[in-house]
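start05.csv follows (CSV, C-alpha atoms):
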chain,number,residue,atom,x,y,z
A,1,MET,CA,127.8,85.8,125.5
A,2,SER,CA,130.1,88.5,124.2
A,3,TRP,CA,130.9,86.3,121.1
A,4,LEU,CA,127.2,86.0,120.4
A,5,THR,CA,126.7,89.8,120.7
A,6,LYS,CA,129.7,90.5,118.4
A,7,THR,CA,128.4,88.0,115.9
A,8,LEU,CA,124.8,89.3,115.8
A,9,THR,CA,126.0,93.0,115.6
A,10,SER,CA,128.5,92.3,112.8
A,11,SER,CA,127.5,93.2,109.3
A,12,ILE,CA,127.0,89.5,108.5
A,13,GLY,CA,125.1,88.9,111.8
A,14,LYS,CA,122.7,91.7,111.0
A,15,LYS,CA,121.9,90.3,107.6
A,16,VAL,CA,121.4,86.8,109.1
A,17,LEU,CA,118.8,88.2,111.6
A,18,MET,CA,117.0,90.0,108.8
A,19,ALA,CA,117.1,86.8,106.7
A,20,LEU,CA,115.7,84.5,109.4
A,21,THR,CA,112.9,86.9,110.5
A,22,GLY,CA,112.1,87.6,106.8
A,23,LEU,CA,111.7,83.9,106.0
A,24,PHE,CA,109.6,83.4,109.1
A,25,LEU,CA,107.3,86.3,107.9
A,26,CYS,CA,107.2,84.8,104.4
A,27,THR,CA,105.8,81.6,106.0
A,28,PHE,CA,103.3,83.6,108.0
A,29,LEU,CA,102.1,85.4,104.8
A,30,VAL,CA,101.3,82.0,103.2
A,31,VAL,CA,99.5,80.7,106.3
A,32,HIS,CA,97.6,83.9,106.9
A,33,LEU,CA,96.5,84.1,103.3
A,34,SER,CA,95.2,80.5,103.3
A,35,GLY,CA,93.2,81.3,106.4
A,36,ASN,CA,91.8,84.5,105.0
A,37,PHE,CA,90.6,82.7,101.9
A,38,GLN,CA,87.6,81.8,104.1
A,39,LEU,CA,86.3,85.3,103.2
A,40,PHE,CA,85.5,84.1,99.7
A,41,LYS,CA,83.1,81.3,100.9
A,42,ASN,CA,79.5,82.0,100.3
A,43,ASP,CA,78.3,81.1,103.8
A,44,GLY,CA,77.5,84.5,105.4
A,45,GLY,CA,81.0,84.7,107.0
A,46,TYR,CA,80.6,81.4,109.0
A,47,ALA,CA,84.0,79.9,108.0
A,48,PHE,CA,85.8,83.2,108.4
A,49,ASN,CA,84.2,84.1,111.8
A,50,THR,CA,84.9,80.7,113.3
A,51,TYR,CA,88.4,80.8,111.9
A,52,ALA,CA,88.9,84.2,113.6
A,53,VAL,CA,87.8,82.7,116.9
A,54,PHE,CA,90.2,79.8,116.6
A,55,MET,CA,93.1,82.0,115.7
A,56,THR,CA,92.5,84.2,118.8
A,57,THR,CA,91.7,81.5,121.4
A,58,PHE,CA,93.8,78.4,120.6
A,59,PRO,CA,96.8,78.7,123.0
A,60,VAL,CA,99.4,77.5,120.6
A,61,ILE,CA,98.2,79.9,117.9
A,62,LYS,CA,98.1,82.8,120.4
A,63,VAL,CA,101.7,82.2,121.4
A,64,ILE,CA,102.8,82.0,117.7
A,65,SER,CA,100.8,85.2,117.0
A,66,TYR,CA,102.6,87.2,119.7
A,67,GLY,CA,105.9,85.9,118.4
A,68,ASN,CA,104.8,87.0,114.9
A,69,TYR,CA,104.0,90.5,116.1
A,70,PHE,CA,107.5,90.7,117.7
A,71,PHE,CA,109.2,89.5,114.5
A,72,ILE,CA,107.2,92.0,112.3
A,73,LEU,CA,108.4,94.9,114.5
A,74,PHE,CA,111.9,93.5,114.8
A,75,HIS,CA,112.3,92.9,111.1
A,76,ALA,CA,111.0,96.4,110.3
A,77,PHE,CA,113.0,98.4,112.7
A,78,TRP,CA,116.1,96.2,112.3
A,79,GLY,CA,116.0,96.9,108.6
A,80,LEU,CA,115.7,100.6,109.2
A,81,TYR,CA,118.6,100.4,111.6
A,82,ILE,CA,120.8,98.6,109.1
A,83,THR,CA,119.9,101.2,106.5
A,84,TYR,CA,120.8,104.0,108.9
A,85,LYS,CA,124.2,102.3,109.8
A,86,ASN,CA,125.0,101.8,106.1
A,87,LYS,CA,124.4,105.4,105.3
A,88,GLN,CA,126.3,106.5,108.4
A,89,ALA,CA,129.3,104.4,107.2
A,90,ARG,CA,129.0,105.9,103.7
A,91,PRO,CA,127.3,109.3,103.9
A,92,VAL,CA,128.1,110.1,100.3
A,93,GLY,CA,126.4,107.7,97.9
A,94,TYR,CA,128.0,106.0,95.0
A,95,ALA,CA,128.5,108.1,91.9
A,96,VAL,CA,127.1,105.3,89.8
A,97,THR,CA,124.5,103.0,91.4
A,98,LYS,CA,122.8,101.2,88.5
A,99,ASN,CA,125.5,98.5,88.4
A,100,GLN,CA,126.0,98.3,92.2
A,101,SER,CA,122.6,97.0,93.2
A,102,SER,CA,119.0,96.4,92.0
A,103,PRO,CA,116.3,99.0,92.4
A,104,TYR,CA,114.6,96.6,94.8
A,105,SER,CA,117.6,96.5,97.2
A,106,ARG,CA,118.1,100.3,97.0
A,107,ASN,CA,114.5,100.9,98.0
A,108,MET,CA,114.0,98.1,100.6
A,109,ALA,CA,113.8,100.6,103.5
A,110,ILE,CA,111.1,102.7,101.6
A,111,LEU,CA,109.2,99.6,100.7
A,112,GLY,CA,109.5,98.3,104.2
A,113,THR,CA,108.2,101.5,105.7
A,114,ILE,CA,105.2,101.5,103.4
A,115,LEU,CA,104.5,97.9,104.6
A,116,LEU,CA,104.9,98.9,108.2
A,117,VAL,CA,102.2,101.6,107.7
A,118,TYR,CA,100.0,99.1,106.0
A,119,ILE,CA,100.4,96.6,108.9
A,120,VAL,CA,99.5,99.4,111.4
A,121,VAL,CA,96.4,100.3,109.4
A,122,HIS,CA,95.4,96.6,109.0
A,123,MET,CA,95.8,95.8,112.6
A,124,SER,CA,93.8,98.8,113.7
A,125,ASP,CA,91.0,98.1,111.2
A,126,PHE,CA,90.5,94.5,112.2
A,127,TRP,CA,92.7,93.0,115.0
A,128,TYR,CA,92.2,95.9,117.4
A,129,LYS,CA,88.4,96.1,116.7
A,130,PHE,CA,88.0,92.4,117.2
A,131,HIS,CA,89.7,92.5,120.6
A,132,TYR,CA,88.8,95.9,122.0
A,133,GLU,CA,85.8,97.5,120.3
A,134,HIS,CA,82.1,96.5,120.3
A,135,LEU,CA,81.3,94.2,117.5
A,136,PRO,CA,77.9,92.8,116.5
A,137,TYR,CA,77.2,89.1,116.9
A,138,VAL,CA,75.8,86.7,114.4
A,139,GLN,CA,74.1,83.4,114.9
A,140,TYR,CA,74.6,80.5,112.4
A,141,THR,CA,72.2,77.6,112.3
A,142,GLU,CA,73.6,74.5,110.6
A,143,GLN,CA,71.3,71.7,109.5
A,144,LEU,CA,73.4,68.6,110.4
A,145,ASN,CA,71.8,66.3,107.9
A,146,THR,CA,72.3,68.6,104.9
A,147,GLY,CA,75.1,71.0,105.9
A,148,GLN,CA,72.9,74.0,105.0
A,149,ILE,CA,73.8,77.1,107.0
A,150,THR,CA,71.6,80.1,107.7
A,151,HIS,CA,72.6,83.2,109.6
A,152,ALA,CA,70.9,86.1,111.5
A,153,ALA,CA,72.3,89.2,113.1
A,154,MET,CA,72.3,89.4,116.9
A,155,ASP,CA,73.4,92.9,117.8
A,156,GLU,CA,72.3,92.7,121.5
A,157,GLY,CA,72.6,90.4,124.4
A,158,TYR,CA,76.3,89.4,124.4
A,159,THR,CA,79.2,91.0,126.1
A,160,GLN,CA,82.4,91.4,124.1
A,161,ASP,CA,84.1,88.7,126.3
A,162,VAL,CA,82.1,86.0,124.5
A,163,LYS,CA,84.1,84.7,121.5
A,164,LYS,CA,82.0,81.7,120.6
A,165,LEU,CA,78.9,79.9,121.9
A,166,GLU,CA,77.9,76.5,120.4
A,167,THR,CA,74.8,74.4,121.1
A,168,PHE,CA,73.2,71.4,119.6
A,169,ASN,CA,69.5,70.8,119.1
A,170,GLU,CA,69.3,67.0,118.6
A,171,ALA,CA,65.5,67.1,118.1
A,172,ALA,CA,65.8,69.6,115.3
A,173,GLY,CA,69.0,68.2,114.0
A,174,THR,CA,70.8,71.6,114.1
A,175,ARG,CA,73.9,73.1,115.5
A,176,ILE,CA,73.8,76.7,116.6
A,177,VAL,CA,77.0,78.8,116.7
A,178,VAL,CA,77.1,82.4,117.9
A,179,VAL,CA,80.3,84.4,117.2
A,180,LYS,CA,81.5,88.0,116.8
A,181,ASP,CA,80.8,89.1,113.2
A,182,LEU,CA,84.2,90.1,112.1
A,183,TYR,CA,83.1,89.3,108.5
A,184,LYS,CA,80.7,92.1,108.7
A,185,VAL,CA,83.4,94.5,109.8
A,186,VAL,CA,85.6,93.4,106.9
A,187,SER,CA,82.7,93.8,104.4
A,188,TYR,CA,81.9,97.3,105.7
A,189,ALA,CA,85.5,98.5,105.8
A,190,PHE,CA,86.1,97.5,102.1
A,191,GLN,CA,83.2,99.6,100.9
A,192,ASN,CA,85.7,102.5,101.3
A,193,ILE,CA,87.4,103.0,98.0
A,194,GLY,CA,90.3,104.9,99.6
A,195,LEU,CA,91.0,102.0,101.9
A,196,VAL,CA,90.7,99.5,99.0
A,197,LEU,CA,93.2,101.5,96.9
A,198,PHE,CA,95.6,101.8,99.8
A,199,TYR,CA,95.5,98.0,100.3
A,200,VAL,CA,96.0,97.3,96.6
A,201,LEU,CA,98.9,99.7,96.3
A,202,ALA,CA,100.5,98.3,99.5
A,203,MET,CA,100.5,94.9,97.8
A,204,PHE,CA,102.6,96.3,95.0
A,205,ALA,CA,105.1,97.4,97.7
A,206,LEU,CA,104.8,93.9,99.2
A,207,ALA,CA,105.6,92.3,95.8
A,208,PHE,CA,108.7,94.3,95.2
A,209,HIS,CA,109.8,93.8,98.8
A,210,LEU,CA,109.4,90.1,98.7
A,211,VAL,CA,111.0,89.5,95.3
A,212,HIS,CA,114.3,90.9,96.5
A,213,GLY,CA,113.9,89.9,100.2
A,214,PHE,CA,113.3,86.2,99.6
A,215,GLN,CA,116.3,85.8,97.4
A,216,SER,CA,118.5,88.0,99.6
A,217,ALA,CA,117.6,85.9,102.6
A,218,PHE,CA,119.1,82.8,101.1
A,219,GLN,CA,122.1,84.7,100.0
A,220,SER,CA,122.7,86.1,103.5
A,221,LEU,CA,122.4,82.6,104.9
A,222,GLY,CA,124.9,81.3,102.4
A,223,LEU,CA,122.4,78.9,100.8
A,224,ARG,CA,122.5,80.1,97.2
A,225,HIS,CA,124.0,77.7,94.7
A,226,SER,CA,123.9,77.5,91.0
A,227,LYS,CA,121.8,74.3,91.2
A,228,TYR,CA,118.9,75.7,93.1
A,229,THR,CA,119.2,79.4,92.7
A,230,PRO,CA,116.8,79.3,89.7
A,231,LEU,CA,114.3,77.6,92.0
A,232,ILE,CA,114.7,80.2,94.7
A,233,LYS,CA,114.3,83.0,92.1
A,234,GLY,CA,111.2,81.3,90.6
A,235,ILE,CA,109.6,81.0,94.0
A,236,SER,CA,110.4,84.6,94.9
A,237,VAL,CA,108.9,85.9,91.6
A,238,TRP,CA,105.9,83.6,91.1
A,239,VAL,CA,104.9,82.9,94.7
A,240,PHE,CA,105.9,86.0,96.7
A,241,GLY,CA,106.0,88.5,93.9
A,242,ILE,CA,102.8,87.5,92.1
A,243,LEU,CA,100.5,85.0,93.8
A,244,ILE,CA,100.7,86.2,97.4
A,245,PRO,CA,100.2,89.9,96.6
A,246,ILE,CA,97.4,89.1,94.2
A,247,GLY,CA,95.7,86.9,96.8
A,248,TYR,CA,95.8,89.7,99.4
A,249,ALA,CA,94.7,92.4,96.9
A,250,ALA,CA,91.8,90.2,95.7
A,251,MET,CA,90.1,90.4,99.1
A,252,PRO,CA,89.3,94.2,99.3
A,253,LEU,CA,88.5,94.2,95.6
A,254,TYR,CA,86.1,91.3,96.0
A,255,PHE,CA,84.2,93.1,98.8
A,256,TYR,CA,84.1,96.4,97.1
A,257,PHE,CA,82.8,95.1,93.7
A,258,PHE,CA,80.8,92.0,94.7
A,259,LYS,CA,79.5,92.6,98.2

Encoding of this model in structure tokens:
Amino acid sequence: MSWLTKTLTSSIGKKVLMALTGLFLCTFLVVHLSGNFQLFKNDGGYAFNTYAVFMTTFPVIKVISYGNYFFILFHAFWGLYITYKNKQARPVGYAVTKNQSSPYSRNMAILGTILLVYIVVHMSDFWYKFHYEHLPYVQYTEQLNTGQITHAAMDEGYTQDVKKLETFNEAAGTRIVVVKDLYKVVSYAFQNIGLVLFYVLAMFALAFHLVHGFQSAFQSLGLRHSKYTPLIKGISVWVFGILIPIGYAAMPLYFYFFK
């Protein structure tokens, strides 16, 4: 295994690990955003709350989630480690830097640190509360023949171990679903203008981080070529530099201004 250790700890190996974990996290951002779009549905939080239960109870998703937590921490601290080792190797910076690298690459560690703080805040605001704090429950009643959904708060009567209860009333033609009301927690949290501004500013950091990081990952893996480099650059700018950050920033803005 010594060859593997030497390879992964070499300058190229370090970049490859950053590239692979970074691309995995890019994929996660797309999937997570598509799931969180349930927040925009005008159904009293039904789609989002049931989605949250699925994401925290389905065994395969739970395993992937824990792997994702590991990759987030590894990518963040591995990036800081690489920055530290680079500065240790060259304690005195270049006299002229503007032609040596882009502003994105020179500030990747700073951008990554901002995003790490954002992730900690985000996890404590929602993930931790969903798992470990007392949350209110909400009951959704769906008319099976029309699809109409009504909801009512249920603050008492359920322990926090209950993630979802589902019953059918054939006589009434209804389906009743009781779940933790994470939607309510999100709505309440984003009434705080300070938190909203922090989330939006963090998305600027995410945009700059991803524009450089996505392209850099392909370069580190030796997959850049004149034929498809423009495509990689286009995806990095339009998808990860614009669409993904706007999608995430839209959520706190939506709740602050329209809920």

* Asked: Can you tell me, as a ChimeraX atom specification, what residues are no more than 8 Å from region 125-130 of chain A when counting all atoms listed in the file, ignoring any on the same chain fewer than 6 positions away?
  -> /A:180,182,185-186,189

* Identify the residues within 8 Å of coordinate (111.2, 90.9, 108.9) (same frame as the file), considering all atoms listed in the file, and give the answer as a ChimeraX atom specification. => /A:18-25,71-76,78-79

**Report entry** Atom pair CA of Pro59 (chain A) / CA of Ala153 (chain A): separation (Å)
**Finding:**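 Those two atoms sit 28.4 Å apart.
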
Min atom-atom distance to Lys259 (chain A) from the set A:Val120, A:Val30, A:Ala171, A:Leu39, counting all atoms listed in the file, belongs to A:Leu39

| task | Check the smallest atom-to-atom distance from each of A:Lys41, A:His131, A:Lys163, A:Lys87 to Phe54 (chain A) using all atoms listed in the file, then report the winner. | result |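 Ranking A:Lys41, A:His131, A:Lys163, A:Lys87 by distance to Phe54 (chain A), first place goes to A:Lys163.
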
* For each of A:Ala249, A:Leu223, A:Leu210, A:Val63, take the minimum atom-to-atom distance to Thr27 (chain A), counting only C-alpha atoms, then give the residue where this is smallest. =>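 Ranking A:Ala249, A:Leu223, A:Leu210, A:Val63 by distance to Thr27 (chain A), first place goes to A:Leu210.
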
Restricting to all atoms listed in the file, whichever of A:Ala172, A:Leu17, A:Val138, A:Met154 is closest to Phe218 (chain A) is A:Leu17

Discussion item. Between CA of Phe37 (chain A) and CA of Gly247 (chain A), what is the distance in Å, rounded to a tenth?
Written reply: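 Taking CA of Phe37 (chain A) as the start and CA of Gly247 (chain A) as the end point, the length is 8.3 Å.
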
Report task. May I have the residues within 9 Å of Tyr199 (chain A) as a PyMOL selection string, using only C-alpha atoms and disregarding those fewer than 6 positions away in the same chain? Result -> chain A and resi 118+122+248-249+252

One-decimal distance in Å that lies between CA of Ile119 (chain A) and CA of Ala207 (chain A):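 We find that CA of Ala207 (chain A) and CA of Ile119 (chain A) lie 14.7 Å from each other.
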
Counting only C-alpha atoms, the residue among A:Val53, A:Ile64, A:Ser124, A:Trp238 that lies closest to Leu165 (chain A) is A:Val53

Give as a PyMOL selection string each residue that has an atom at most 6 Å from (74.3, 79.7, 108.3) in the file, counting all atoms listed in the file.
chain A and resi 140-142+149-151

Selected residues written out, C-alpha atoms, as a PDB file, in the coordinates of the input:
ATOM      1  CA  TYR A 140      74.600  80.500 112.400  1.00  0.00           C
ATOM      2  CA  THR A 141      72.200  77.600 112.300  1.00  0.00           C
ATOM      3  CA  GLU A 142      73.600  74.500 110.600  1.00  0.00           C
ATOM      4  CA  ILE A 149      73.800  77.100 107.000  1.00  0.00           C
ATOM      5  CA  THR A 150      71.600  80.100 107.700  1.00  0.00           C
ATOM      6  CA  HIS A 151      72.600  83.200 109.600  1.00  0.00           C
TER       7      HIS A 151
END
